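The file input.cif comes next; it holds mmCIF, C-alpha atoms.
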```cif
data_structure
loop_
_atom_site.label_atom_id
_atom_site.label_comp_id
_atom_site.auth_asym_id
_atom_site.auth_seq_id
_atom_site.Cartn_x
_atom_site.Cartn_y
_atom_site.Cartn_z
CA MET A 16 6.02 -7.65 -13.80
CA GLU A 17 5.83 -8.79 -17.41
CA ASN A 18 3.32 -6.75 -19.41
CA SER A 19 2.62 -9.86 -21.45
CA LEU A 20 1.09 -11.48 -18.35
CA THR A 21 -2.53 -10.43 -18.51
CA ARG A 22 -4.57 -9.73 -15.41
CA ARG A 23 -6.69 -12.84 -16.06
CA GLU A 24 -3.62 -15.08 -16.53
CA PHE A 25 -2.01 -13.69 -13.39
CA VAL A 26 -4.99 -14.36 -11.17
CA HIS A 27 -5.53 -17.81 -12.66
CA LYS A 28 -1.93 -18.84 -12.03
CA THR A 29 -1.80 -17.29 -8.57
CA ALA A 30 -5.12 -18.51 -7.26
CA LEU A 31 -5.24 -21.94 -8.88
CA GLY A 32 -6.41 -24.36 -6.23
CA ALA A 33 -6.65 -21.67 -3.55
CA ALA A 34 -9.64 -22.28 -1.34
CA ALA A 35 -9.61 -18.64 -0.26
CA VAL A 36 -10.86 -17.40 -3.62
CA THR A 37 -13.44 -19.96 -4.59
CA ALA A 38 -16.35 -17.55 -4.23
CA SER A 39 -17.26 -16.10 -7.61
CA VAL A 40 -17.68 -12.40 -8.26
CA VAL A 41 -20.21 -11.28 -10.82
CA GLY A 42 -18.58 -9.22 -13.57
CA ALA A 43 -19.93 -5.76 -14.31
CA PRO A 44 -20.48 -4.34 -17.77
CA SER A 45 -17.89 -1.92 -19.07
CA ILE A 46 -17.70 1.32 -17.11
CA GLY A 47 -16.37 3.18 -20.12
CA VAL A 48 -13.34 5.43 -20.35
CA ALA A 49 -13.16 9.04 -19.24
CA GLY A 50 -12.48 11.22 -22.27
CA ALA A 51 -9.20 13.04 -22.66
CA ASN A 52 -10.86 16.32 -21.67
CA GLY A 53 -13.67 15.03 -19.45
CA ARG A 54 -13.63 15.91 -15.77
CA ILE A 55 -12.94 13.05 -13.36
CA ASN A 56 -15.38 13.19 -10.44
CA ILE A 57 -13.87 11.72 -7.27
CA GLY A 58 -15.37 10.45 -4.04
CA ILE A 59 -13.24 9.72 -0.98
CA ILE A 60 -13.94 7.34 1.91
CA GLY A 61 -12.07 8.09 5.14
CA LEU A 62 -11.30 11.70 6.04
CA GLY A 63 -8.50 11.43 8.58
CA VAL A 64 -4.83 12.36 8.21
CA ILE A 65 -4.32 10.45 4.95
CA GLY A 66 -7.67 11.60 3.58
CA ASN A 67 -6.62 15.20 4.19
CA ALA A 68 -3.34 14.57 2.40
CA HIS A 69 -5.24 13.34 -0.66
CA ARG A 70 -7.45 16.44 -0.63
CA LYS A 71 -4.40 18.72 -0.61
CA GLU A 72 -2.64 16.81 -3.39
CA LEU A 73 -5.72 16.71 -5.61
CA LEU A 74 -6.11 20.44 -5.09
CA LYS A 75 -2.66 20.92 -6.65
CA ILE A 76 -3.65 19.11 -9.85
CA LYS A 77 -7.35 19.95 -10.15
CA GLY A 78 -6.77 22.32 -13.06
CA GLU A 79 -4.14 20.59 -15.14
CA ASP A 80 -5.66 17.16 -14.54
CA ASN A 81 -9.31 18.27 -14.71
CA CYS A 82 -10.50 16.49 -11.57
CA SER A 83 -12.63 17.39 -8.58
CA LEU A 84 -13.68 16.01 -5.20
CA VAL A 85 -17.45 15.78 -5.46
CA ALA A 86 -18.31 13.37 -2.63
CA VAL A 87 -16.98 12.57 0.85
CA CYS A 88 -17.76 9.76 3.27
CA ASP A 89 -16.95 9.26 6.94
CA ILE A 90 -18.51 7.72 10.05
CA TYR A 91 -17.61 10.81 12.13
CA THR A 92 -20.14 13.46 11.09
CA SER A 93 -18.47 16.58 12.51
CA ARG A 94 -15.15 15.64 10.96
CA MET A 95 -16.89 15.06 7.63
CA SER A 96 -18.55 18.49 7.84
CA GLU A 97 -15.20 20.19 8.41
CA TYR A 98 -13.64 18.25 5.55
CA ALA A 99 -16.53 19.10 3.21
CA GLU A 100 -16.07 22.79 3.97
CA ALA A 101 -12.37 22.56 3.12
CA VAL A 102 -13.33 20.87 -0.17
CA ARG A 103 -15.84 23.63 -0.94
CA GLU A 104 -13.23 26.32 -0.32
CA GLY A 105 -10.58 24.57 -2.41
CA PHE A 106 -12.58 23.13 -5.29
CA GLY A 107 -15.33 25.73 -5.50
CA GLU A 108 -18.27 23.42 -4.91
CA ALA A 109 -19.70 21.64 -1.89
CA PRO A 110 -19.33 17.84 -2.06
CA ARG A 111 -22.10 15.38 -1.33
CA GLN A 112 -21.75 13.90 2.16
CA TYR A 113 -22.32 10.21 2.93
CA HIS A 114 -22.31 8.30 6.18
CA ASP A 115 -22.57 4.93 4.39
CA TYR A 116 -19.97 4.25 1.68
CA ARG A 117 -22.43 2.01 -0.18
CA GLU A 118 -24.67 4.99 -0.83
CA MET A 119 -21.71 6.85 -2.30
CA LEU A 120 -20.93 3.91 -4.58
CA ALA A 121 -24.49 4.01 -5.88
CA ASN A 122 -24.00 7.55 -7.22
CA PRO A 123 -23.55 7.19 -11.03
CA ASP A 124 -21.87 10.60 -11.31
CA ILE A 125 -18.75 9.47 -9.44
CA ASP A 126 -15.95 8.11 -11.64
CA LYS A 127 -13.29 7.31 -9.05
CA ILE A 128 -13.22 6.27 -5.39
CA ILE A 129 -10.33 6.88 -3.00
CA ILE A 130 -10.19 4.44 -0.08
CA ALA A 131 -8.30 6.04 2.82
CA THR A 132 -9.72 4.01 5.71
CA PRO A 133 -8.06 1.67 8.22
CA GLU A 134 -6.76 -1.51 6.60
CA HIS A 135 -9.43 -3.88 7.89
CA TRP A 136 -11.99 -2.15 5.63
CA HIS A 137 -9.96 -2.18 2.41
CA GLU A 138 -11.11 -5.54 1.06
CA LYS A 139 -14.83 -4.96 1.47
CA MET A 140 -14.75 -1.43 0.13
CA LEU A 141 -12.49 -2.23 -2.81
CA ILE A 142 -14.57 -5.19 -3.95
CA ALA A 143 -17.79 -3.17 -3.52
CA ALA A 144 -16.31 -0.29 -5.53
CA VAL A 145 -15.29 -2.39 -8.52
CA LYS A 146 -18.66 -4.16 -8.48
CA ALA A 147 -20.24 -0.70 -8.53
CA ARG A 148 -18.23 0.01 -11.71
CA LYS A 149 -15.89 2.59 -10.19
CA HIS A 150 -12.22 3.18 -10.76
CA VAL A 151 -10.34 2.99 -7.44
CA TYR A 152 -7.30 4.45 -5.74
CA CYS A 153 -6.81 2.30 -2.62
CA GLU A 154 -4.32 3.32 0.02
CA LYS A 155 -1.60 0.89 0.97
CA PRO A 156 -1.63 -1.86 1.96
CA MET A 157 -4.06 -3.14 -0.64
CA THR A 158 -5.62 -5.36 2.04
CA HIS A 159 -5.18 -6.32 5.67
CA ASN A 160 -3.73 -9.74 4.77
CA SER A 161 -2.85 -11.97 1.83
CA VAL A 162 -6.07 -14.04 1.83
CA GLU A 163 -8.05 -10.83 1.35
CA ALA A 164 -5.61 -9.74 -1.38
CA LEU A 165 -6.42 -12.82 -3.46
CA ARG A 166 -10.14 -12.14 -3.16
CA VAL A 167 -9.60 -8.55 -4.29
CA LEU A 168 -7.59 -9.69 -7.32
CA LYS A 169 -10.40 -12.03 -8.30
CA ALA A 170 -12.94 -9.22 -8.10
CA ILE A 171 -10.78 -6.88 -10.17
CA GLU A 172 -10.23 -9.59 -12.77
CA ASN A 173 -13.98 -9.69 -13.34
CA SER A 174 -14.35 -5.93 -13.71
CA ASP A 175 -13.30 -3.11 -15.99
CA SER A 176 -12.09 -0.97 -13.09
CA ILE A 177 -8.65 0.65 -13.19
CA VAL A 178 -7.26 0.18 -9.67
CA GLN A 179 -4.18 2.00 -8.41
CA ILE A 180 -2.63 0.92 -5.10
CA GLY A 181 -1.30 3.80 -3.01
CA VAL A 182 2.35 2.88 -2.80
CA GLN A 183 3.24 6.25 -4.28
CA GLY A 184 6.94 5.48 -4.39
CA MET A 185 6.20 3.54 -7.55
CA SER A 186 5.70 6.89 -9.30
CA ASP A 187 9.48 7.25 -9.05
CA ASN A 188 10.85 5.50 -12.15
CA SER A 189 14.02 4.38 -10.33
CA TYR A 190 12.60 0.94 -9.58
CA GLN A 191 11.60 0.15 -13.15
CA ALA A 192 15.01 1.45 -14.24
CA ALA A 193 16.69 -0.78 -11.65
CA GLN A 194 14.76 -3.77 -12.98
CA ASP A 195 16.00 -2.97 -16.49
CA VAL A 196 19.60 -2.74 -15.28
CA ILE A 197 19.33 -6.05 -13.45
CA LYS A 198 17.79 -7.80 -16.47
CA GLN A 199 20.63 -6.51 -18.62
CA GLY A 200 23.02 -8.41 -16.34
CA MET A 201 24.90 -5.41 -14.96
CA LEU A 202 24.72 -6.73 -11.38
CA GLY A 203 25.22 -10.37 -12.26
CA GLN A 204 23.29 -12.83 -10.14
CA VAL A 205 21.33 -10.91 -7.50
CA VAL A 206 21.86 -12.51 -4.10
CA GLN A 207 20.73 -10.01 -1.44
CA ALA A 208 18.84 -6.75 -0.93
CA GLN A 209 18.40 -4.57 2.12
CA ILE A 210 16.05 -1.73 3.02
CA ASP A 211 14.85 0.02 6.15
CA TYR A 212 12.13 2.17 7.63
CA VAL A 213 13.43 3.82 10.77
CA ARG A 214 12.06 6.67 12.88
CA ARG A 215 12.58 8.04 16.38
CA TYR A 216 9.39 8.99 18.21
CA SER A 217 9.38 11.07 21.38
CA GLU A 218 9.15 9.46 24.81
CA GLU A 219 5.70 10.96 25.40
CA ARG A 220 4.19 10.23 22.01
CA GLY A 221 5.39 6.78 21.08
CA LEU A 222 4.74 4.97 17.81
CA PHE A 223 1.41 5.79 16.14
CA ARG A 224 0.16 7.67 19.21
CA GLN A 225 -1.18 11.19 19.70
CA PRO A 226 -0.44 12.31 23.28
CA GLU A 227 -3.59 14.43 23.51
CA THR A 228 -5.85 11.36 23.23
CA GLU A 229 -6.92 10.31 26.74
CA PRO A 230 -7.51 6.56 27.28
CA ASP A 231 -10.88 7.27 28.92
CA ALA A 232 -12.11 9.96 26.52
CA PRO A 233 -15.86 9.61 25.82
CA LYS A 234 -17.11 8.72 22.38
CA PRO A 235 -18.33 11.72 20.37
CA GLU A 236 -22.08 11.47 19.86
CA ASP A 237 -21.79 11.76 16.08
CA LEU A 238 -19.15 9.02 15.70
CA ASP A 239 -20.45 5.59 14.64
CA TRP A 240 -18.20 3.18 16.56
CA GLU A 241 -19.97 0.07 15.25
CA ALA A 242 -19.38 1.22 11.67
CA PHE A 243 -15.69 1.73 12.44
CA LEU A 244 -15.35 -1.82 13.76
CA GLY A 245 -17.13 -3.27 10.75
CA PRO A 246 -15.64 -6.71 9.97
CA ALA A 247 -13.33 -6.60 13.02
CA TRP A 248 -14.07 -8.03 16.46
CA LYS A 249 -16.87 -6.24 18.30
CA ARG A 250 -15.50 -4.29 21.26
CA PRO A 251 -16.70 -1.52 23.57
CA TRP A 252 -15.70 2.04 22.72
CA ASP A 253 -11.97 2.64 23.05
CA PRO A 254 -10.62 6.04 21.97
CA ARG A 255 -7.12 4.68 21.42
CA ARG A 256 -8.35 1.94 19.13
CA TYR A 257 -10.16 4.56 17.08
CA HIS A 258 -7.55 7.31 16.95
CA HIS A 259 -4.49 5.03 17.05
CA TRP A 260 -5.80 2.04 15.09
CA ARG A 261 -2.36 1.27 13.59
CA ASN A 262 -1.33 -0.11 16.99
CA TYR A 263 -3.83 -3.00 16.95
CA TRP A 264 -3.88 -6.20 14.90
CA ASP A 265 -7.67 -5.98 14.47
CA TYR A 266 -7.31 -3.01 12.13
CA SER A 267 -3.68 -2.93 10.98
CA GLY A 268 -0.49 -4.88 10.44
CA GLY A 269 1.51 -2.13 12.14
CA ILE A 270 5.03 -1.33 11.00
CA ALA A 271 4.97 -4.06 8.36
CA THR A 272 1.80 -3.05 6.53
CA ASP A 273 1.90 0.69 7.18
CA LEU A 274 5.62 1.31 6.54
CA PHE A 275 7.49 -1.75 5.25
CA VAL A 276 5.05 -2.21 2.39
CA HIS A 277 6.44 1.01 0.88
CA ARG A 278 9.97 -0.36 1.01
CA ILE A 279 9.44 -3.99 0.06
CA THR A 280 7.37 -3.01 -2.99
CA ARG A 281 10.39 -1.14 -4.31
CA ILE A 282 12.59 -4.22 -4.06
CA ILE A 283 9.85 -6.43 -5.51
CA LYS A 284 9.61 -4.10 -8.50
CA ALA A 285 13.35 -3.67 -8.96
CA CYS A 286 14.16 -7.38 -8.68
CA ASP A 287 10.97 -8.54 -10.46
CA LEU A 288 9.96 -10.71 -7.49
CA LYS A 289 6.70 -12.47 -6.74
CA GLU A 290 5.79 -14.46 -3.61
CA PRO A 291 8.59 -15.25 -1.13
CA VAL A 292 9.45 -18.87 -0.37
CA ARG A 293 9.62 -18.31 3.37
CA GLY A 294 10.45 -15.62 5.87
CA VAL A 295 10.64 -14.47 9.43
CA GLY A 296 9.51 -11.40 11.34
CA MET A 297 11.21 -10.40 14.60
CA GLY A 298 10.92 -7.64 17.15
CA GLY A 299 8.84 -6.69 20.13
CA ILE A 300 7.18 -4.03 22.25
CA TRP A 301 10.41 -2.80 23.78
CA LYS A 302 9.93 0.94 24.21
CA TRP A 303 6.21 1.83 24.47
CA ASP A 304 4.39 -0.91 26.39
CA ASP A 305 1.19 1.11 26.58
CA GLY A 306 -1.48 -1.41 25.70
CA ARG A 307 -0.64 -1.68 22.01
CA ASP A 308 -0.67 -5.01 20.14
CA ILE A 309 1.86 -4.37 17.41
CA PRO A 310 5.64 -4.22 18.01
CA ASP A 311 7.44 -0.88 18.19
CA ASN A 312 10.65 -2.48 16.87
CA PHE A 313 10.36 -4.87 13.95
CA GLU A 314 12.41 -6.39 11.17
CA MET A 315 11.86 -9.04 8.55
CA VAL A 316 13.94 -11.34 6.38
CA LEU A 317 12.40 -12.89 3.28
CA GLU A 318 13.75 -15.61 1.00
CA TYR A 319 12.69 -15.60 -2.66
CA PRO A 320 12.95 -18.57 -5.08
CA GLY A 321 16.58 -18.92 -6.16
CA GLY A 322 17.40 -15.68 -4.34
CA PRO A 323 17.66 -13.02 -3.29
CA THR A 324 17.13 -12.79 0.43
CA VAL A 325 15.67 -9.42 1.43
CA TYR A 326 16.32 -7.80 4.79
CA CYS A 327 14.26 -4.92 6.17
CA LEU A 328 15.24 -3.08 9.35
CA GLY A 329 12.57 -1.21 11.28
CA THR A 330 12.80 0.59 14.59
CA MET A 331 10.76 3.51 15.79
CA ALA A 332 13.23 4.42 18.56
CA ASN A 333 16.33 5.19 16.47
CA ASN A 334 16.58 6.85 13.05
CA PHE A 335 20.07 5.69 12.03
CA GLY A 336 19.33 3.64 8.93
CA VAL A 337 21.10 1.44 6.41
CA ASP A 338 21.71 1.78 2.69
CA HIS A 339 18.89 0.70 0.42
CA CYS A 340 20.80 -1.52 -1.94
CA ILE A 341 20.70 -4.62 -4.12
CA ARG A 342 23.80 -6.83 -4.11
CA GLY A 343 24.81 -8.86 -7.13
CA TYR A 344 27.81 -11.05 -7.86
CA LYS A 345 29.29 -8.45 -10.23
CA ALA A 346 28.06 -5.14 -8.82
CA THR A 347 25.96 -3.39 -6.18
CA LEU A 348 23.05 -1.04 -6.87
CA VAL A 349 22.58 1.66 -4.21
CA PHE A 350 19.49 3.89 -4.16
CA ASP A 351 19.85 7.54 -3.17
CA GLU A 352 17.77 10.73 -3.22
CA ASP A 353 18.53 11.34 -6.89
CA GLY A 354 17.94 7.81 -8.18
CA PHE A 355 20.63 5.15 -7.89
CA LYS A 356 24.23 4.30 -8.69
CA VAL A 357 25.80 0.96 -9.60
CA TYR A 358 29.20 0.24 -8.07
CA LYS A 359 31.67 -2.30 -9.42
CA GLN A 360 32.28 -5.30 -7.17
CA HIS A 361 35.96 -5.76 -6.33
CA LYS A 362 37.68 -9.09 -5.91
CA LYS A 363 39.10 -8.07 -2.55
CA SER A 364 36.95 -7.85 0.55
CA GLU A 365 36.95 -4.07 0.95
CA ASN A 366 33.87 -2.04 0.09
CA SER A 367 34.20 0.65 -2.54
CA TYR A 368 31.92 3.57 -3.33
CA SER A 369 34.29 5.01 -5.92
CA ASP A 370 33.92 2.84 -9.03
CA VAL A 371 30.55 3.96 -10.41
CA ILE A 372 29.76 2.04 -13.58
CA TYR A 373 26.21 3.35 -14.05
CA GLU A 374 24.09 6.18 -12.69
CA HIS A 375 20.33 6.75 -12.96
CA LYS A 376 18.71 10.15 -12.35
CA LYS A 377 15.15 9.58 -11.32
CA ILE A 378 12.06 10.87 -13.09
CA GLY A 379 9.05 11.37 -10.85
CA GLY A 380 9.08 10.80 -7.13
CA GLU A 381 7.29 9.46 -4.07
CA ASP A 382 4.36 11.86 -4.48
CA GLN A 383 0.62 11.34 -4.17
CA ASP A 384 -0.14 13.93 -6.83
CA LEU A 385 2.03 12.09 -9.38
CA HIS A 386 0.38 8.82 -8.37
CA HIS A 387 -3.09 10.29 -8.93
CA LYS A 388 -2.04 11.75 -12.30
CA ASN A 389 -0.72 8.35 -13.36
CA HIS A 390 -4.04 6.80 -12.29
CA HIS A 391 -6.00 9.35 -14.29
CA THR A 392 -3.86 8.70 -17.37
CA ALA A 393 -4.61 4.98 -17.13
CA MET A 394 -8.33 5.68 -16.56
CA ARG A 395 -8.60 7.95 -19.60
CA ALA A 396 -6.77 5.41 -21.75
CA GLY A 397 -8.73 2.48 -20.31
CA ASP A 398 -5.39 0.72 -19.95
CA PRO A 399 -4.36 -0.79 -16.56
CA SER A 400 -0.89 -1.59 -17.93
CA LEU A 401 -0.08 2.12 -17.59
CA LEU A 402 -0.44 2.00 -13.80
CA ASN A 403 2.65 2.51 -11.67
CA CYS A 404 1.30 0.30 -8.87
CA PRO A 405 -1.32 -2.13 -10.19
CA PRO A 406 -3.17 -4.58 -7.91
CA GLU A 407 -0.84 -7.43 -8.81
CA LEU A 408 2.12 -5.49 -7.41
CA GLY A 409 0.05 -4.52 -4.39
CA TYR A 410 -0.70 -8.20 -3.84
CA TYR A 411 2.98 -9.20 -3.81
CA GLY A 412 3.69 -6.53 -1.20
CA VAL A 413 0.85 -7.73 1.02
CA VAL A 414 2.04 -11.35 0.86
CA ALA A 415 5.54 -10.30 1.93
CA VAL A 416 4.51 -8.26 4.98
CA ASP A 417 1.72 -10.67 5.96
CA LEU A 418 4.22 -13.53 6.03
CA ALA A 419 6.52 -11.51 8.32
CA ASN A 420 3.67 -10.54 10.65
CA GLU A 421 2.43 -14.12 10.95
CA SER A 422 5.98 -15.24 11.72
CA TYR A 423 6.21 -12.65 14.50
CA LYS A 424 2.87 -13.69 16.00
CA ARG A 425 3.65 -17.42 15.89
CA LYS A 426 7.39 -17.10 16.59
CA ARG A 427 8.37 -19.44 13.76
CA TYR A 428 9.32 -19.46 10.08
CA MET A 429 6.38 -19.07 7.71
CA LYS A 430 6.00 -19.74 3.99
CA TRP A 431 3.57 -18.95 1.20
CA SER A 432 1.42 -21.86 0.03
CA LYS A 433 0.18 -21.46 -3.54
CA GLN A 434 -1.98 -24.54 -3.11
CA LEU A 435 -3.83 -23.09 -0.12
CA GLY A 436 -3.54 -19.45 -1.13
CA ARG A 437 -2.30 -18.32 2.27
CA VAL A 438 0.64 -18.07 4.66
CA VAL A 439 1.39 -21.32 6.53
CA PRO A 440 4.12 -22.60 8.88
CA ALA A 441 7.32 -23.48 7.03
#
```
In structure tokens, how does this file's structure come out?
Amino acid sequence: MENSLTRREFVHKTALGAAAVTASVVGAPSIGVAGANGRINIGIIGLGVIGNAHRKELLKIKGEDNCSLVAVCDIYTSRMSEYAEAVREGFGEAPRQYHDYREMLANPDIDKIIIATPEHWHEKMLIAAVKARKHVYCEKPMTHNSVEALRVLKAIENSDSIVQIGVQGMSDNSYQAAQDVIKQGMLGQVVQAQIDYVRRYSEERGLFRQPETEPDAPKPEDLDWEAFLGPAWKRPWDPRRYHHWRNYWDYSGGIATDLFVHRITRIIKACDLKEPVRGVGMGGIWKWDDGRDIPDNFEMVLEYPGGPTVYCLGTMANNFGVDHCIRGYKATLVFDEDGFKVYKQHKKSENSYSDVIYEHKKIGGEDQDLHHKNHHTAMRAGDPSLLNCPPELGYYGVVAVDLANESYKRKRYMKWSKQLGRVVPA
């Protein structure tokens, strides 16, 4: 994304005429900038698997980055108590505990909020956090769908918050380097890109399932089911919907939003893409028909203005993947564990992985700790342009995967409508 395109200009151009973002958001006064040596006090909402990963990564950098977890929030009290004890042991002080995230946001001593909740809560919490004058690290996807993403962008535009989206692969500089190579013309006209996210789950477990969770398990007394549902449809207690929320459209976009968003954001960054023209999502519940909503095999194809087309393979029943590559008329860029290589395109039809004309050794990596450090650098400088995954990039990723999901649900091509600010039939 061009640094010359300011946040205000971006949102104005993107949301112009979009009915989804007509509601105004009151701007907050400046929240100030954390000093170069000042401690960054962090509160985290959502203390599950991802929340625990953040705790462990922040523990690694607490000294060198001068940060601490000072507040925790969850709707499951016993889990929160266990998490708070782990924080006390690791960071040397007991964090404040909150059942209601809004009470946490009202604490003026907290500088940064981590949102590690199910997707259907991201929009409300992110908007509330920036209105409360907090900096935010929001887990991917930025929002549950593209309409919500536009509303979040509008809220951030009217704030001084520095918001990092948790696609931590953007803290690997390979994708900015790939964009530079492409803009220099090394690949020629870019016509196609391909990526994948493939796994092979066990027969007993299945995608996004924990086998020890019984379908008829009673609700723990100290778990607030109504608070979990929040803006989603009201339903009776269901342990699988709580523990395995990624399998249900009410709370997640499944493979597309939980996994593909990592991959497509890389291609968006490398190829300097924005909203796709149209696309299709295909797949089905072919292996684990266990009451889930979302498919266990899924793939998407997206068409961008003037090219390229982008293909993403996703199956959770086979882990044999494909190269992550970008194909141009003159050369092909292939990502690998060390960065990427550019291979000369031959006139004949055969493939060649021998003529390397450029090689990039990556700096950084797909690491949460690096992503947090980058966020803290931007916070201390008061400069959102330093972010590796700013909200604008998060928005483009959400539009891409939302378009594919809507195509799958409706079984037809879908497109992005700038006029309406949402995905519509093509």
Segment 220-230 of chain A: which residues within 8 Å, counting only C-alpha atoms, same-chain residues fewer than 6 positions away excluded, as a PyMOL selection string?
chain A and resi 253-255+258-259+261-262+303+311+331
Restricting it to C-alpha atoms, dump the selection as a JSON list (two decimals), in the coordinates of the input.
```json
[["chain", "number", "residue", "atom", "x", "y", "z"],
["A", 253, "ASP", "CA", -11.97, 2.64, 23.05],
["A", 254, "PRO", "CA", -10.62, 6.04, 21.97],
["A", 255, "ARG", "CA", -7.12, 4.68, 21.42],
["A", 258, "HIS", "CA", -7.55, 7.31, 16.95],
["A", 259, "HIS", "CA", -4.49, 5.03, 17.05],
["A", 261, "ARG", "CA", -2.36, 1.27, 13.59],
["A", 262, "ASN", "CA", -1.33, -0.11, 16.99],
["A", 303, "TRP", "CA", 6.21, 1.83, 24.47],
["A", 311, "ASP", "CA", 7.44, -0.88, 18.19],
["A", 331, "MET", "CA", 10.76, 3.51, 15.79]]
```
List the residues sitting within 10 Å of (7.0, 14.4, -13.1) in the file's frame, using only C-alpha atoms, as a ChimeraX atom specification.
/A:186-188,377-380,382,384-386,388-389
Dump of C-alpha atoms for the selected residues, as a PDB file, in the frame of the given file:
```
ATOM      1  CA  SER A 186       5.700   6.890  -9.300  1.00  0.00           C
ATOM      2  CA  ASP A 187       9.480   7.250  -9.050  1.00  0.00           C
ATOM      3  CA  ASN A 188      10.850   5.500 -12.150  1.00  0.00           C
ATOM      4  CA  LYS A 377      15.150   9.580 -11.320  1.00  0.00           C
ATOM      5  CA  ILE A 378      12.060  10.870 -13.090  1.00  0.00           C
ATOM      6  CA  GLY A 379       9.050  11.370 -10.850  1.00  0.00           C
ATOM      7  CA  GLY A 380       9.080  10.800  -7.130  1.00  0.00           C
ATOM      8  CA  ASP A 382       4.360  11.860  -4.480  1.00  0.00           C
ATOM      9  CA  ASP A 384      -0.140  13.930  -6.830  1.00  0.00           C
ATOM     10  CA  LEU A 385       2.030  12.090  -9.380  1.00  0.00           C
ATOM     11  CA  HIS A 386       0.380   8.820  -8.370  1.00  0.00           C
ATOM     12  CA  LYS A 388      -2.040  11.750 -12.300  1.00  0.00           C
ATOM     13  CA  ASN A 389      -0.720   8.350 -13.360  1.00  0.00           C
TER      14      ASN A 389
END
```
Please enumerate the residues selected by the PyMOL selection byres ((chain A and resi 206-218) around 9) when evaluated against the supplied file, formatted as a PyMOL selection string.
chain A and resi 204-205+219-223+270+274-275+277-279+282+302-303+314+321-344
Limited to C-alpha atoms, could you put the picked residues into a file as an mmCIF file, in the coordinates of the input?
```
data_model
loop_
_atom_site.group_PDB
_atom_site.id
_atom_site.type_symbol
_atom_site.label_atom_id
_atom_site.label_comp_id
_atom_site.auth_asym_id
_atom_site.auth_seq_id
_atom_site.Cartn_x
_atom_site.Cartn_y
_atom_site.Cartn_z
ATOM 1 C CA GLN A 204 23.290 -12.830 -10.140
ATOM 2 C CA VAL A 205 21.330 -10.910 -7.500
ATOM 3 C CA GLU A 219 5.700 10.960 25.400
ATOM 4 C CA ARG A 220 4.190 10.230 22.010
ATOM 5 C CA GLY A 221 5.390 6.780 21.080
ATOM 6 C CA LEU A 222 4.740 4.970 17.810
ATOM 7 C CA PHE A 223 1.410 5.790 16.140
ATOM 8 C CA ILE A 270 5.030 -1.330 11.000
ATOM 9 C CA LEU A 274 5.620 1.310 6.540
ATOM 10 C CA PHE A 275 7.490 -1.750 5.250
ATOM 11 C CA HIS A 277 6.440 1.010 0.880
ATOM 12 C CA ARG A 278 9.970 -0.360 1.010
ATOM 13 C CA ILE A 279 9.440 -3.990 0.060
ATOM 14 C CA ILE A 282 12.590 -4.220 -4.060
ATOM 15 C CA LYS A 302 9.930 0.940 24.210
ATOM 16 C CA TRP A 303 6.210 1.830 24.470
ATOM 17 C CA GLU A 314 12.410 -6.390 11.170
ATOM 18 C CA GLY A 321 16.580 -18.920 -6.160
ATOM 19 C CA GLY A 322 17.400 -15.680 -4.340
ATOM 20 C CA PRO A 323 17.660 -13.020 -3.290
ATOM 21 C CA THR A 324 17.130 -12.790 0.430
ATOM 22 C CA VAL A 325 15.670 -9.420 1.430
ATOM 23 C CA TYR A 326 16.320 -7.800 4.790
ATOM 24 C CA CYS A 327 14.260 -4.920 6.170
ATOM 25 C CA LEU A 328 15.240 -3.080 9.350
ATOM 26 C CA GLY A 329 12.570 -1.210 11.280
ATOM 27 C CA THR A 330 12.800 0.590 14.590
ATOM 28 C CA MET A 331 10.760 3.510 15.790
ATOM 29 C CA ALA A 332 13.230 4.420 18.560
ATOM 30 C CA ASN A 333 16.330 5.190 16.470
ATOM 31 C CA ASN A 334 16.580 6.850 13.050
ATOM 32 C CA PHE A 335 20.070 5.690 12.030
ATOM 33 C CA GLY A 336 19.330 3.640 8.930
ATOM 34 C CA VAL A 337 21.100 1.440 6.410
ATOM 35 C CA ASP A 338 21.710 1.780 2.690
ATOM 36 C CA HIS A 339 18.890 0.700 0.420
ATOM 37 C CA CYS A 340 20.800 -1.520 -1.940
ATOM 38 C CA ILE A 341 20.700 -4.620 -4.120
ATOM 39 C CA ARG A 342 23.800 -6.830 -4.110
ATOM 40 C CA GLY A 343 24.810 -8.860 -7.130
ATOM 41 C CA TYR A 344 27.810 -11.050 -7.860
#
```
Expanded to explicit residues, what is the PyMOL selection byres ((chain A and resi 428) around 7) for this file, as a list in words?
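Here the PyMOL selection byres ((chain A and resi 428) around 7) matches Arg293, Gly294, Val295, Ser422, Arg427, Met429, Lys430, Pro440 and Ala441 of chain A.
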Nearest-residue call for Gln194 of chain A, choices A:Val145, A:Ala393, A:Cys286, A:Val276, using all atoms listed in the file
A:Cys286
To one decimal place in Å, what is the distance between atom CA of Gly61 of chain A and atom CA of Gly269 of chain A?
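That distance, rounded to one decimal, is 18.4 Å.
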